[in-house]
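A.B. asks: Coordinates in query16.csv, CSV, N, CA, C and O atoms, are listed below.
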```
chain,number,residue,atom,x,y,z
A,1,MET,N,3.2,-68.9,-38.6
A,1,MET,CA,4.0,-69.0,-39.8
A,1,MET,C,4.6,-70.3,-39.9
A,1,MET,O,5.6,-70.7,-39.4
A,2,LYS,N,3.8,-71.2,-40.6
A,2,LYS,CA,4.3,-72.6,-40.9
A,2,LYS,C,4.9,-72.7,-42.2
A,2,LYS,O,4.3,-72.9,-43.2
A,3,GLN,N,6.2,-72.5,-42.3
A,3,GLN,CA,7.0,-72.6,-43.5
A,3,GLN,C,8.3,-73.3,-43.2
A,3,GLN,O,8.7,-73.5,-42.1
A,4,GLN,N,9.0,-73.6,-44.3
A,4,GLN,CA,10.3,-74.2,-44.1
A,4,GLN,C,11.2,-73.1,-43.5
A,4,GLN,O,11.1,-71.9,-43.8
A,5,PRO,N,12.1,-73.5,-42.6
A,5,PRO,CA,13.0,-72.5,-42.0
A,5,PRO,C,13.8,-71.7,-42.9
A,5,PRO,O,13.9,-70.5,-42.7
A,6,SER,N,14.1,-72.2,-44.1
A,6,SER,CA,14.9,-71.4,-45.1
A,6,SER,C,14.0,-70.3,-45.7
A,6,SER,O,14.4,-69.1,-45.8
A,7,GLU,N,12.8,-70.6,-46.0
A,7,GLU,CA,11.8,-69.6,-46.5
A,7,GLU,C,11.5,-68.6,-45.4
A,7,GLU,O,11.5,-67.4,-45.7
A,8,ARG,N,11.3,-69.1,-44.2
A,8,ARG,CA,11.0,-68.2,-43.1
A,8,ARG,C,12.1,-67.2,-42.8
A,8,ARG,O,11.9,-66.0,-42.6
A,9,ALA,N,13.3,-67.7,-42.9
A,9,ALA,CA,14.5,-66.8,-42.6
A,9,ALA,C,14.5,-65.7,-43.6
A,9,ALA,O,14.8,-64.5,-43.3
A,10,VAL,N,14.3,-65.9,-44.9
A,10,VAL,CA,14.3,-64.9,-45.9
A,10,VAL,C,13.2,-63.9,-45.7
A,10,VAL,O,13.3,-62.7,-45.8
A,11,ILE,N,12.0,-64.4,-45.4
A,11,ILE,CA,10.8,-63.6,-45.2
A,11,ILE,C,11.1,-62.7,-44.0
A,11,ILE,O,10.8,-61.5,-44.0
A,12,LEU,N,11.6,-63.2,-42.9
A,12,LEU,CA,11.9,-62.4,-41.7
A,12,LEU,C,12.9,-61.4,-42.0
A,12,LEU,O,12.8,-60.2,-41.6
A,13,GLY,N,14.0,-61.8,-42.7
A,13,GLY,CA,15.0,-60.8,-43.1
A,13,GLY,C,14.5,-59.7,-43.9
A,13,GLY,O,14.8,-58.5,-43.6
A,14,GLU,N,13.6,-60.0,-44.9
A,14,GLU,CA,13.0,-58.9,-45.7
A,14,GLU,C,12.2,-58.0,-44.8
A,14,GLU,O,12.2,-56.8,-45.0
A,15,TYR,N,11.4,-58.6,-43.9
A,15,TYR,CA,10.5,-57.8,-43.1
A,15,TYR,C,11.3,-56.8,-42.2
A,15,TYR,O,11.1,-55.7,-42.0
A,16,ILE,N,12.4,-57.4,-41.5
A,16,ILE,CA,13.2,-56.6,-40.6
A,16,ILE,C,13.9,-55.4,-41.4
A,16,ILE,O,13.9,-54.3,-40.9
A,17,LEU,N,14.3,-55.7,-42.6
A,17,LEU,CA,15.0,-54.7,-43.4
A,17,LEU,C,14.0,-53.6,-43.9
A,17,LEU,O,14.3,-52.4,-43.8
A,18,GLU,N,12.9,-54.0,-44.4
A,18,GLU,CA,11.9,-53.1,-44.9
A,18,GLU,C,11.3,-52.2,-43.8
A,18,GLU,O,11.1,-51.0,-44.0
A,19,GLN,N,11.0,-52.8,-42.6
A,19,GLN,CA,10.3,-52.1,-41.5
A,19,GLN,C,11.3,-51.5,-40.5
A,19,GLN,O,10.9,-50.9,-39.6
A,20,ASN,N,12.6,-51.8,-40.7
A,20,ASN,CA,13.5,-51.4,-39.6
A,20,ASN,C,13.1,-52.0,-38.3
A,20,ASN,O,13.2,-51.3,-37.3
A,21,ALA,N,12.6,-53.2,-38.3
A,21,ALA,CA,12.0,-53.8,-37.1
A,21,ALA,C,13.0,-54.4,-36.2
A,21,ALA,O,14.1,-54.8,-36.6
A,22,THR,N,12.6,-54.5,-34.9
A,22,THR,CA,13.4,-55.3,-33.9
A,22,THR,C,13.1,-56.7,-34.0
A,22,THR,O,12.1,-57.1,-34.6
A,23,VAL,N,13.9,-57.6,-33.4
A,23,VAL,CA,13.6,-59.0,-33.3
A,23,VAL,C,12.2,-59.2,-32.6
A,23,VAL,O,11.4,-60.0,-33.1
A,24,ARG,N,12.0,-58.4,-31.6
A,24,ARG,CA,10.8,-58.6,-30.8
A,24,ARG,C,9.6,-58.2,-31.7
A,24,ARG,O,8.5,-58.9,-31.7
A,25,ALA,N,9.7,-57.1,-32.5
A,25,ALA,CA,8.6,-56.7,-33.3
A,25,ALA,C,8.3,-57.7,-34.4
A,25,ALA,O,7.1,-58.0,-34.7
A,26,ALA,N,9.4,-58.3,-35.0
A,26,ALA,CA,9.2,-59.3,-36.1
A,26,ALA,C,8.5,-60.5,-35.5
A,26,ALA,O,7.6,-61.1,-36.1
A,27,ALA,N,9.0,-60.9,-34.3
A,27,ALA,CA,8.4,-62.1,-33.7
A,27,ALA,C,6.9,-61.9,-33.4
A,27,ALA,O,6.1,-62.8,-33.7
A,28,GLU,N,6.6,-60.8,-32.9
A,28,GLU,CA,5.1,-60.5,-32.6
A,28,GLU,C,4.3,-60.4,-33.9
A,28,GLU,O,3.2,-61.0,-34.0
A,29,TRP,N,4.9,-59.8,-35.0
A,29,TRP,CA,4.2,-59.7,-36.2
A,29,TRP,C,3.9,-61.0,-36.9
A,29,TRP,O,2.8,-61.3,-37.4
A,30,PHE,N,4.8,-61.9,-36.8
A,30,PHE,CA,4.7,-63.3,-37.4
A,30,PHE,C,4.2,-64.3,-36.5
A,30,PHE,O,3.9,-65.5,-36.9
A,31,GLY,N,4.0,-64.0,-35.2
A,31,GLY,CA,3.5,-64.9,-34.2
A,31,GLY,C,4.4,-66.1,-33.9
A,31,GLY,O,4.0,-67.2,-33.7
A,32,ILE,N,5.7,-65.8,-33.9
A,32,ILE,CA,6.7,-66.8,-33.5
A,32,ILE,C,7.5,-66.2,-32.4
A,32,ILE,O,7.4,-65.1,-32.0
A,33,SER,N,8.4,-67.1,-31.8
A,33,SER,CA,9.2,-66.6,-30.7
A,33,SER,C,10.4,-65.8,-31.2
A,33,SER,O,10.9,-65.9,-32.3
A,34,LYS,N,10.9,-65.0,-30.2
A,34,LYS,CA,12.1,-64.2,-30.5
A,34,LYS,C,13.3,-65.1,-30.8
A,34,LYS,O,14.1,-64.7,-31.7
A,35,SER,N,13.4,-66.2,-30.1
A,35,SER,CA,14.5,-67.1,-30.4
A,35,SER,C,14.5,-67.6,-31.8
A,35,SER,O,15.5,-67.8,-32.4
A,36,THR,N,13.3,-67.9,-32.3
A,36,THR,CA,13.2,-68.4,-33.7
A,36,THR,C,13.6,-67.4,-34.7
A,36,THR,O,14.4,-67.6,-35.6
A,37,VAL,N,13.2,-66.1,-34.4
A,37,VAL,CA,13.5,-65.0,-35.3
A,37,VAL,C,15.1,-64.9,-35.3
A,37,VAL,O,15.7,-64.8,-36.4
A,38,HIS,N,15.6,-64.8,-34.1
A,38,HIS,CA,17.0,-64.6,-34.0
A,38,HIS,C,17.8,-65.7,-34.7
A,38,HIS,O,18.8,-65.5,-35.4
A,39,LYS,N,17.4,-67.0,-34.4
A,39,LYS,CA,18.1,-68.1,-35.1
A,39,LYS,C,18.0,-68.0,-36.6
A,39,LYS,O,19.0,-68.2,-37.3
A,40,ASP,N,16.8,-67.7,-37.1
A,40,ASP,CA,16.7,-67.7,-38.5
A,40,ASP,C,17.5,-66.6,-39.2
A,40,ASP,O,18.2,-66.9,-40.2
A,41,VAL,N,17.5,-65.4,-38.6
A,41,VAL,CA,18.2,-64.3,-39.3
A,41,VAL,C,19.7,-64.3,-39.0
A,41,VAL,O,20.5,-63.7,-39.7
A,42,SER,N,20.2,-64.9,-37.9
A,42,SER,CA,21.6,-64.9,-37.6
A,42,SER,C,22.3,-66.2,-38.0
A,42,SER,O,23.5,-66.1,-38.2
A,43,GLU,N,21.6,-67.3,-38.0
A,43,GLU,CA,22.3,-68.5,-38.4
A,43,GLU,C,22.0,-69.1,-39.8
A,43,GLU,O,22.8,-69.6,-40.4
A,44,ARG,N,20.7,-68.9,-40.2
A,44,ARG,CA,20.3,-69.5,-41.4
A,44,ARG,C,20.5,-68.5,-42.6
A,44,ARG,O,20.9,-68.9,-43.7
A,45,LEU,N,20.1,-67.3,-42.3
A,45,LEU,CA,20.1,-66.3,-43.4
A,45,LEU,C,21.5,-66.0,-44.1
A,45,LEU,O,21.5,-65.9,-45.3
A,46,PRO,N,22.6,-66.0,-43.3
A,46,PRO,CA,23.9,-65.8,-44.0
A,46,PRO,C,24.2,-66.8,-45.1
A,46,PRO,O,24.9,-66.4,-46.1
A,47,PHE,N,23.7,-68.0,-45.0
A,47,PHE,CA,24.0,-69.0,-46.0
A,47,PHE,C,23.0,-69.0,-47.1
A,47,PHE,O,23.3,-69.3,-48.3
A,48,LEU,N,21.8,-68.5,-46.8
A,48,LEU,CA,20.8,-68.4,-47.9
A,48,LEU,C,20.8,-67.1,-48.7
A,48,LEU,O,20.6,-67.2,-49.9
A,49,ASN,N,21.1,-66.0,-48.1
A,49,ASN,CA,21.1,-64.7,-48.8
A,49,ASN,C,22.1,-63.8,-48.1
A,49,ASN,O,21.7,-63.0,-47.3
A,50,PRO,N,23.4,-63.9,-48.4
A,50,PRO,CA,24.4,-63.1,-47.7
A,50,PRO,C,24.1,-61.6,-47.8
A,50,PRO,O,24.4,-60.8,-46.8
A,51,ASN,N,23.7,-61.1,-48.9
A,51,ASN,CA,23.4,-59.6,-49.1
A,51,ASN,C,22.3,-59.2,-48.2
A,51,ASN,O,22.4,-58.1,-47.5
A,52,LEU,N,21.2,-60.0,-48.1
A,52,LEU,CA,20.1,-59.6,-47.2
A,52,LEU,C,20.6,-59.7,-45.8
A,52,LEU,O,20.2,-58.8,-45.0
A,53,TYR,N,21.4,-60.7,-45.4
A,53,TYR,CA,21.9,-60.8,-44.1
A,53,TYR,C,22.7,-59.6,-43.7
A,53,TYR,O,22.6,-59.1,-42.5
A,54,ASP,N,23.5,-59.0,-44.6
A,54,ASP,CA,24.3,-57.8,-44.3
A,54,ASP,C,23.4,-56.7,-43.9
A,54,ASP,O,23.6,-55.9,-42.9
A,55,GLY,N,22.3,-56.5,-44.6
A,55,GLY,CA,21.3,-55.4,-44.3
A,55,GLY,C,20.6,-55.6,-43.0
A,55,GLY,O,20.5,-54.7,-42.2
A,56,VAL,N,20.2,-56.9,-42.8
A,56,VAL,CA,19.5,-57.2,-41.5
A,56,VAL,C,20.5,-57.0,-40.3
A,56,VAL,O,20.1,-56.5,-39.3
A,57,LYS,N,21.7,-57.5,-40.5
A,57,LYS,CA,22.7,-57.3,-39.4
A,57,LYS,C,22.9,-55.9,-39.0
A,57,LYS,O,23.0,-55.5,-37.9
A,58,ALA,N,22.9,-55.0,-40.0
A,58,ALA,CA,23.1,-53.5,-39.8
A,58,ALA,C,21.9,-53.0,-39.0
A,58,ALA,O,22.0,-52.2,-38.0
A,59,VAL,N,20.7,-53.4,-39.4
A,59,VAL,CA,19.4,-53.0,-38.7
A,59,VAL,C,19.5,-53.5,-37.2
A,59,VAL,O,19.2,-52.7,-36.3
A,60,LEU,N,19.8,-54.7,-37.0
A,60,LEU,CA,19.8,-55.3,-35.7
A,60,LEU,C,20.9,-54.6,-34.8
A,60,LEU,O,20.7,-54.4,-33.6
A,61,GLU,N,22.0,-54.3,-35.4
A,61,GLU,CA,23.1,-53.6,-34.6
A,61,GLU,C,22.6,-52.2,-34.2
A,61,GLU,O,22.8,-51.8,-33.1
A,62,LYS,N,22.0,-51.5,-35.1
A,62,LYS,CA,21.4,-50.2,-34.8
A,62,LYS,C,20.4,-50.3,-33.7
A,62,LYS,O,20.4,-49.5,-32.7
A,63,ASN,N,19.5,-51.3,-33.8
A,63,ASN,CA,18.5,-51.5,-32.7
A,63,ASN,C,19.2,-51.8,-31.4
A,63,ASN,O,18.7,-51.3,-30.3
A,64,LYS,N,20.2,-52.6,-31.4
A,64,LYS,CA,20.9,-53.0,-30.2
A,64,LYS,C,21.5,-51.7,-29.5
A,64,LYS,O,21.5,-51.6,-28.3
A,65,GLN,N,22.1,-50.8,-30.4
A,65,GLN,CA,22.7,-49.6,-29.8
A,65,GLN,C,21.7,-48.7,-29.3
A,65,GLN,O,22.0,-47.9,-28.4
A,66,GLU,N,20.5,-48.7,-29.8
A,66,GLU,CA,19.4,-47.8,-29.4
A,66,GLU,C,18.5,-48.3,-28.2
A,66,GLU,O,17.7,-47.6,-27.7
A,67,ARG,N,18.7,-49.6,-27.9
A,67,ARG,CA,17.7,-50.1,-26.9
A,67,ARG,C,17.7,-49.5,-25.6
A,67,ARG,O,16.7,-49.4,-24.9
A,68,HIS,N,18.9,-49.0,-25.1
A,68,HIS,CA,18.9,-48.3,-23.8
A,68,HIS,C,18.1,-47.0,-23.8
A,68,HIS,O,17.6,-46.6,-22.9
A,69,ILE,N,18.1,-46.4,-25.0
A,69,ILE,CA,17.3,-45.2,-25.1
A,69,ILE,C,15.8,-45.5,-25.0
A,69,ILE,O,15.1,-44.8,-24.3
A,70,ARG,N,15.4,-46.5,-25.8
A,70,ARG,CA,14.0,-46.9,-25.7
A,70,ARG,C,13.6,-47.3,-24.3
A,70,ARG,O,12.5,-47.0,-23.9
A,71,GLY,N,14.5,-48.0,-23.6
A,71,GLY,CA,14.2,-48.4,-22.3
A,71,GLY,C,14.0,-47.2,-21.3
A,71,GLY,O,13.1,-47.2,-20.5
A,72,GLY,N,14.9,-46.3,-21.5
A,72,GLY,CA,14.8,-45.0,-20.7
A,72,GLY,C,13.5,-44.3,-21.0
A,72,GLY,O,12.9,-43.7,-20.1
A,73,LEU,N,13.1,-44.2,-22.2
A,73,LEU,CA,11.9,-43.5,-22.6
A,73,LEU,C,10.7,-44.2,-22.0
A,73,LEU,O,9.7,-43.6,-21.5
A,74,ALA,N,10.7,-45.5,-22.0
A,74,ALA,CA,9.6,-46.3,-21.5
A,74,ALA,C,9.5,-46.1,-20.0
A,74,ALA,O,8.4,-45.9,-19.4
A,75,THR,N,10.6,-46.0,-19.3
A,75,THR,CA,10.6,-45.8,-17.9
A,75,THR,C,10.1,-44.4,-17.5
A,75,THR,O,9.3,-44.2,-16.6
A,76,ARG,N,10.5,-43.4,-18.3
A,76,ARG,CA,10.1,-42.0,-18.1
A,76,ARG,C,8.6,-41.9,-18.3
A,76,ARG,O,7.9,-41.3,-17.5
A,77,LYS,N,8.0,-42.6,-19.3
A,77,LYS,CA,6.6,-42.6,-19.6
A,77,LYS,C,5.8,-43.2,-18.5
A,77,LYS,O,4.8,-42.8,-18.0
A,78,LYS,N,6.4,-44.3,-17.9
A,78,LYS,CA,5.7,-45.1,-16.9
A,78,LYS,C,5.6,-44.2,-15.6
A,78,LYS,O,4.5,-44.1,-15.0
A,79,TYR,N,6.7,-43.5,-15.2
A,79,TYR,CA,6.6,-42.7,-14.0
A,79,TYR,C,5.8,-41.4,-14.2
A,79,TYR,O,5.2,-40.9,-13.3
A,80,ALA,N,5.8,-40.9,-15.4
A,80,ALA,CA,4.9,-39.7,-15.7
A,80,ALA,C,3.4,-40.1,-15.6
A,80,ALA,O,2.6,-39.4,-15.0
A,81,LEU,N,3.1,-41.3,-16.0
A,81,LEU,CA,1.7,-41.8,-15.9
A,81,LEU,C,1.4,-42.0,-14.4
A,81,LEU,O,0.3,-41.6,-14.0
A,82,LEU,N,2.3,-42.6,-13.6
A,82,LEU,CA,2.0,-42.8,-12.2
A,82,LEU,C,1.8,-41.4,-11.5
A,82,LEU,O,1.0,-41.3,-10.6
A,83,ALA,N,2.7,-40.4,-11.8
A,83,ALA,CA,2.5,-39.1,-11.2
A,83,ALA,C,1.2,-38.5,-11.6
A,83,ALA,O,0.6,-37.9,-10.7
A,84,GLN,N,0.8,-38.7,-12.8
A,84,GLN,CA,-0.5,-38.1,-13.2
A,84,GLN,C,-1.7,-38.8,-12.4
A,84,GLN,O,-2.6,-38.1,-12.0
A,85,GLN,N,-1.6,-40.1,-12.3
A,85,GLN,CA,-2.6,-40.8,-11.5
A,85,GLN,C,-2.7,-40.4,-10.1
A,85,GLN,O,-3.7,-40.2,-9.5
A,86,LYS,N,-1.5,-40.1,-9.4
A,86,LYS,CA,-1.5,-39.7,-8.1
A,86,LYS,C,-2.1,-38.3,-7.9
A,86,LYS,O,-2.8,-38.0,-7.0
A,87,LYS,N,-1.8,-37.4,-8.9
A,87,LYS,CA,-2.3,-36.1,-8.9
A,87,LYS,C,-3.8,-36.1,-9.0
A,87,LYS,O,-4.5,-35.4,-8.3
A,88,GLN,N,-4.4,-37.0,-9.8
A,88,GLN,CA,-5.8,-37.1,-10.0
A,88,GLN,C,-6.5,-37.6,-8.7
A,88,GLN,O,-7.5,-37.2,-8.3
A,89,GLN,N,-5.8,-38.5,-8.0
A,89,GLN,CA,-6.4,-39.1,-6.8
A,89,GLN,C,-6.4,-38.0,-5.7
A,89,GLN,O,-7.3,-37.9,-4.9
A,90,LYS,N,-5.3,-37.2,-5.6
A,90,LYS,CA,-5.3,-36.1,-4.7
A,90,LYS,C,-6.4,-35.1,-5.0
A,90,LYS,O,-7.1,-34.6,-4.0
A,91,GLN,N,-6.7,-34.8,-6.2
A,91,GLN,CA,-7.7,-33.9,-6.6
A,91,GLN,C,-9.1,-34.4,-6.2
A,91,GLN,O,-10.0,-33.7,-5.8
A,92,LYS,N,-9.3,-35.7,-6.3
A,92,LYS,CA,-10.5,-36.4,-5.9
A,92,LYS,C,-10.7,-36.2,-4.4
A,92,LYS,O,-11.9,-36.0,-3.9
A,93,GLN,N,-9.7,-36.3,-3.6
A,93,GLN,CA,-9.8,-36.2,-2.2
A,93,GLN,C,-10.1,-34.8,-1.7
A,93,GLN,O,-10.8,-34.6,-0.8
A,94,ILE,N,-9.5,-33.8,-2.5
A,94,ILE,CA,-9.7,-32.4,-2.1
A,94,ILE,C,-11.1,-31.9,-2.6
A,94,ILE,O,-11.8,-31.3,-1.8
A,95,HIS,N,-11.5,-32.3,-3.8
A,95,HIS,CA,-12.8,-31.9,-4.3
A,95,HIS,C,-13.6,-33.1,-4.8
A,95,HIS,O,-13.8,-33.3,-6.0
A,96,PRO,N,-14.2,-33.8,-3.9
A,96,PRO,CA,-14.9,-35.0,-4.3
A,96,PRO,C,-16.2,-34.7,-5.1
A,96,PRO,O,-16.7,-35.5,-5.8
A,97,GLU,N,-16.8,-33.5,-4.9
A,97,GLU,CA,-18.0,-33.2,-5.6
A,97,GLU,C,-17.8,-32.9,-7.1
A,97,GLU,O,-18.8,-33.0,-7.9
A,98,THR,N,-16.6,-32.6,-7.5
A,98,THR,CA,-16.4,-32.3,-8.9
A,98,THR,C,-16.2,-33.6,-9.8
A,98,THR,O,-16.1,-33.5,-11.0
A,99,VAL,N,-16.0,-34.7,-9.1
A,99,VAL,CA,-15.8,-35.9,-9.9
A,99,VAL,C,-17.0,-36.7,-10.1
A,99,VAL,O,-18.0,-36.7,-9.6
```
Please lay out the structure from this file as C-alpha cells.

C.D. replies:
Amino acid sequence: MKQQPSERAVILGEYILEQNATVRAAAEWFGISKSTVHKDVSERLPFLNPNLYDGVKAVLEKNKQERHIRGGLATRKKYALLAQQKKQQKQKQIHPETV
C-alpha cells in the first residue's frame, strides 16, 4: 500500500470500521505492519477525519476488550487438536492394521 500517510489513514479507518477489523487483520489485509496501522489510525486520523476516528476508536476498544476471549478460544482449540492427535496415535499403536 504505497500511498500518502494521510490517504492511507483514511482508507485504513474506513476498512476497520466497515469490517469491524482488528489492527492485526487490517495490517495483514493491506500488507503493512501493525505499527503503521496503529500510528495511522491513532495519530493521523483524528486530525484528518475526527468522525471516522471516533468510530474506529470504538471498534478498536471493543477488540481490545475481547482479545482475552479470542486468546482463550485459540488456546482451547490448540489443546483440543493436540488431544485428538494423541488419540489417533494411540489407536494406530493398538490397531496398526486398520490404518

A.B. asks: Determine the nearest neighbour of Lys62 (chain A) from the options A:Gln88, A:Ala74, A:Arg44, A:Asn20, counting only C-alpha atoms.

C.D. replies: A:Asn20

A.B. asks: Between A:Gln3, A:Arg8, A:Gly13, A:Thr22, which one has atoms that come closest to Pro50 (chain A), using only C-alpha atoms?

C.D. replies: A:Gly13

A.B. asks: Could you list, as a PDB file with N, CA, C and O atoms, keeping the file's coordinate frame, every residue within 8 Å of Ser6 (chain A), counting all atoms listed in the file and ignoring same-chain residues fewer than 6 positions away?

C.D. replies:
```
ATOM      1  N   LEU A  12      11.600 -63.200 -42.900  1.00  0.00           N
ATOM      2  CA  LEU A  12      11.900 -62.400 -41.700  1.00  0.00           C
ATOM      3  C   LEU A  12      12.900 -61.400 -42.000  1.00  0.00           C
ATOM      4  O   LEU A  12      12.800 -60.200 -41.600  1.00  0.00           O
ATOM      5  N   GLY A  13      14.000 -61.800 -42.700  1.00  0.00           N
ATOM      6  CA  GLY A  13      15.000 -60.800 -43.100  1.00  0.00           C
ATOM      7  C   GLY A  13      14.500 -59.700 -43.900  1.00  0.00           C
ATOM      8  O   GLY A  13      14.800 -58.500 -43.600  1.00  0.00           O
ATOM      9  N   ASP A  40      16.800 -67.700 -37.100  1.00  0.00           N
ATOM     10  CA  ASP A  40      16.700 -67.700 -38.500  1.00  0.00           C
ATOM     11  C   ASP A  40      17.500 -66.600 -39.200  1.00  0.00           C
ATOM     12  O   ASP A  40      18.200 -66.900 -40.200  1.00  0.00           O
ATOM     13  N   ARG A  44      20.700 -68.900 -40.200  1.00  0.00           N
ATOM     14  CA  ARG A  44      20.300 -69.500 -41.400  1.00  0.00           C
ATOM     15  C   ARG A  44      20.500 -68.500 -42.600  1.00  0.00           C
ATOM     16  O   ARG A  44      20.900 -68.900 -43.700  1.00  0.00           O
ATOM     17  N   LEU A  45      20.100 -67.300 -42.300  1.00  0.00           N
ATOM     18  CA  LEU A  45      20.100 -66.300 -43.400  1.00  0.00           C
ATOM     19  C   LEU A  45      21.500 -66.000 -44.100  1.00  0.00           C
ATOM     20  O   LEU A  45      21.500 -65.900 -45.300  1.00  0.00           O
ATOM     21  N   LEU A  48      21.800 -68.500 -46.800  1.00  0.00           N
ATOM     22  CA  LEU A  48      20.800 -68.400 -47.900  1.00  0.00           C
ATOM     23  C   LEU A  48      20.800 -67.100 -48.700  1.00  0.00           C
ATOM     24  O   LEU A  48      20.600 -67.200 -49.900  1.00  0.00           O
ATOM     25  N   ASN A  49      21.100 -66.000 -48.100  1.00  0.00           N
ATOM     26  CA  ASN A  49      21.100 -64.700 -48.800  1.00  0.00           C
ATOM     27  C   ASN A  49      22.100 -63.800 -48.100  1.00  0.00           C
ATOM     28  O   ASN A  49      21.700 -63.000 -47.300  1.00  0.00           O
TER      29      ASN A  49
END
```

A.B. asks: Nearest to Val37 (chain A): which of A:Leu81, A:Ala58, A:Ala25, A:Leu52 is it, counting only C-alpha atoms?

C.D. replies: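 Ranked by minimum distance to Val37 (chain A), first place goes to A:Ala25.
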
A.B. asks: I need every residue sitting at most 8 Å from the point (15.6, -60.9, -34.1) (coordinates as in the file, all atoms listed in the file considered), written as a PyMOL selection string.

C.D. replies: chain A and resi 21-27+33-42+60

A.B. asks: DSSP on the backbone, alpha helix (DSSP H) only: what residues of chain A does that give? Format it as an NGL selection string.

C.D. replies: :A and (5-19 or 23-30 or 34-39 or 45-48 or 50-94)

A.B. asks: Enter the distance from atom C of Asp54 (chain A) to atom N of Phe30 (chain A), in Å, rounded to one decimal.

C.D. replies: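 One can read the atom C of Asp54 (chain A) to atom N of Phe30 (chain A) distance as 20.6 Å.
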
A.B. asks: Could you please determine the separation between atom N of Ala9 (chain A) and CA of Pro46 (chain A) in Å, to one decimal place?

C.D. replies: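 Value for the atom N of Ala9 (chain A)-CA of Pro46 (chain A) distance: 10.8 Å.
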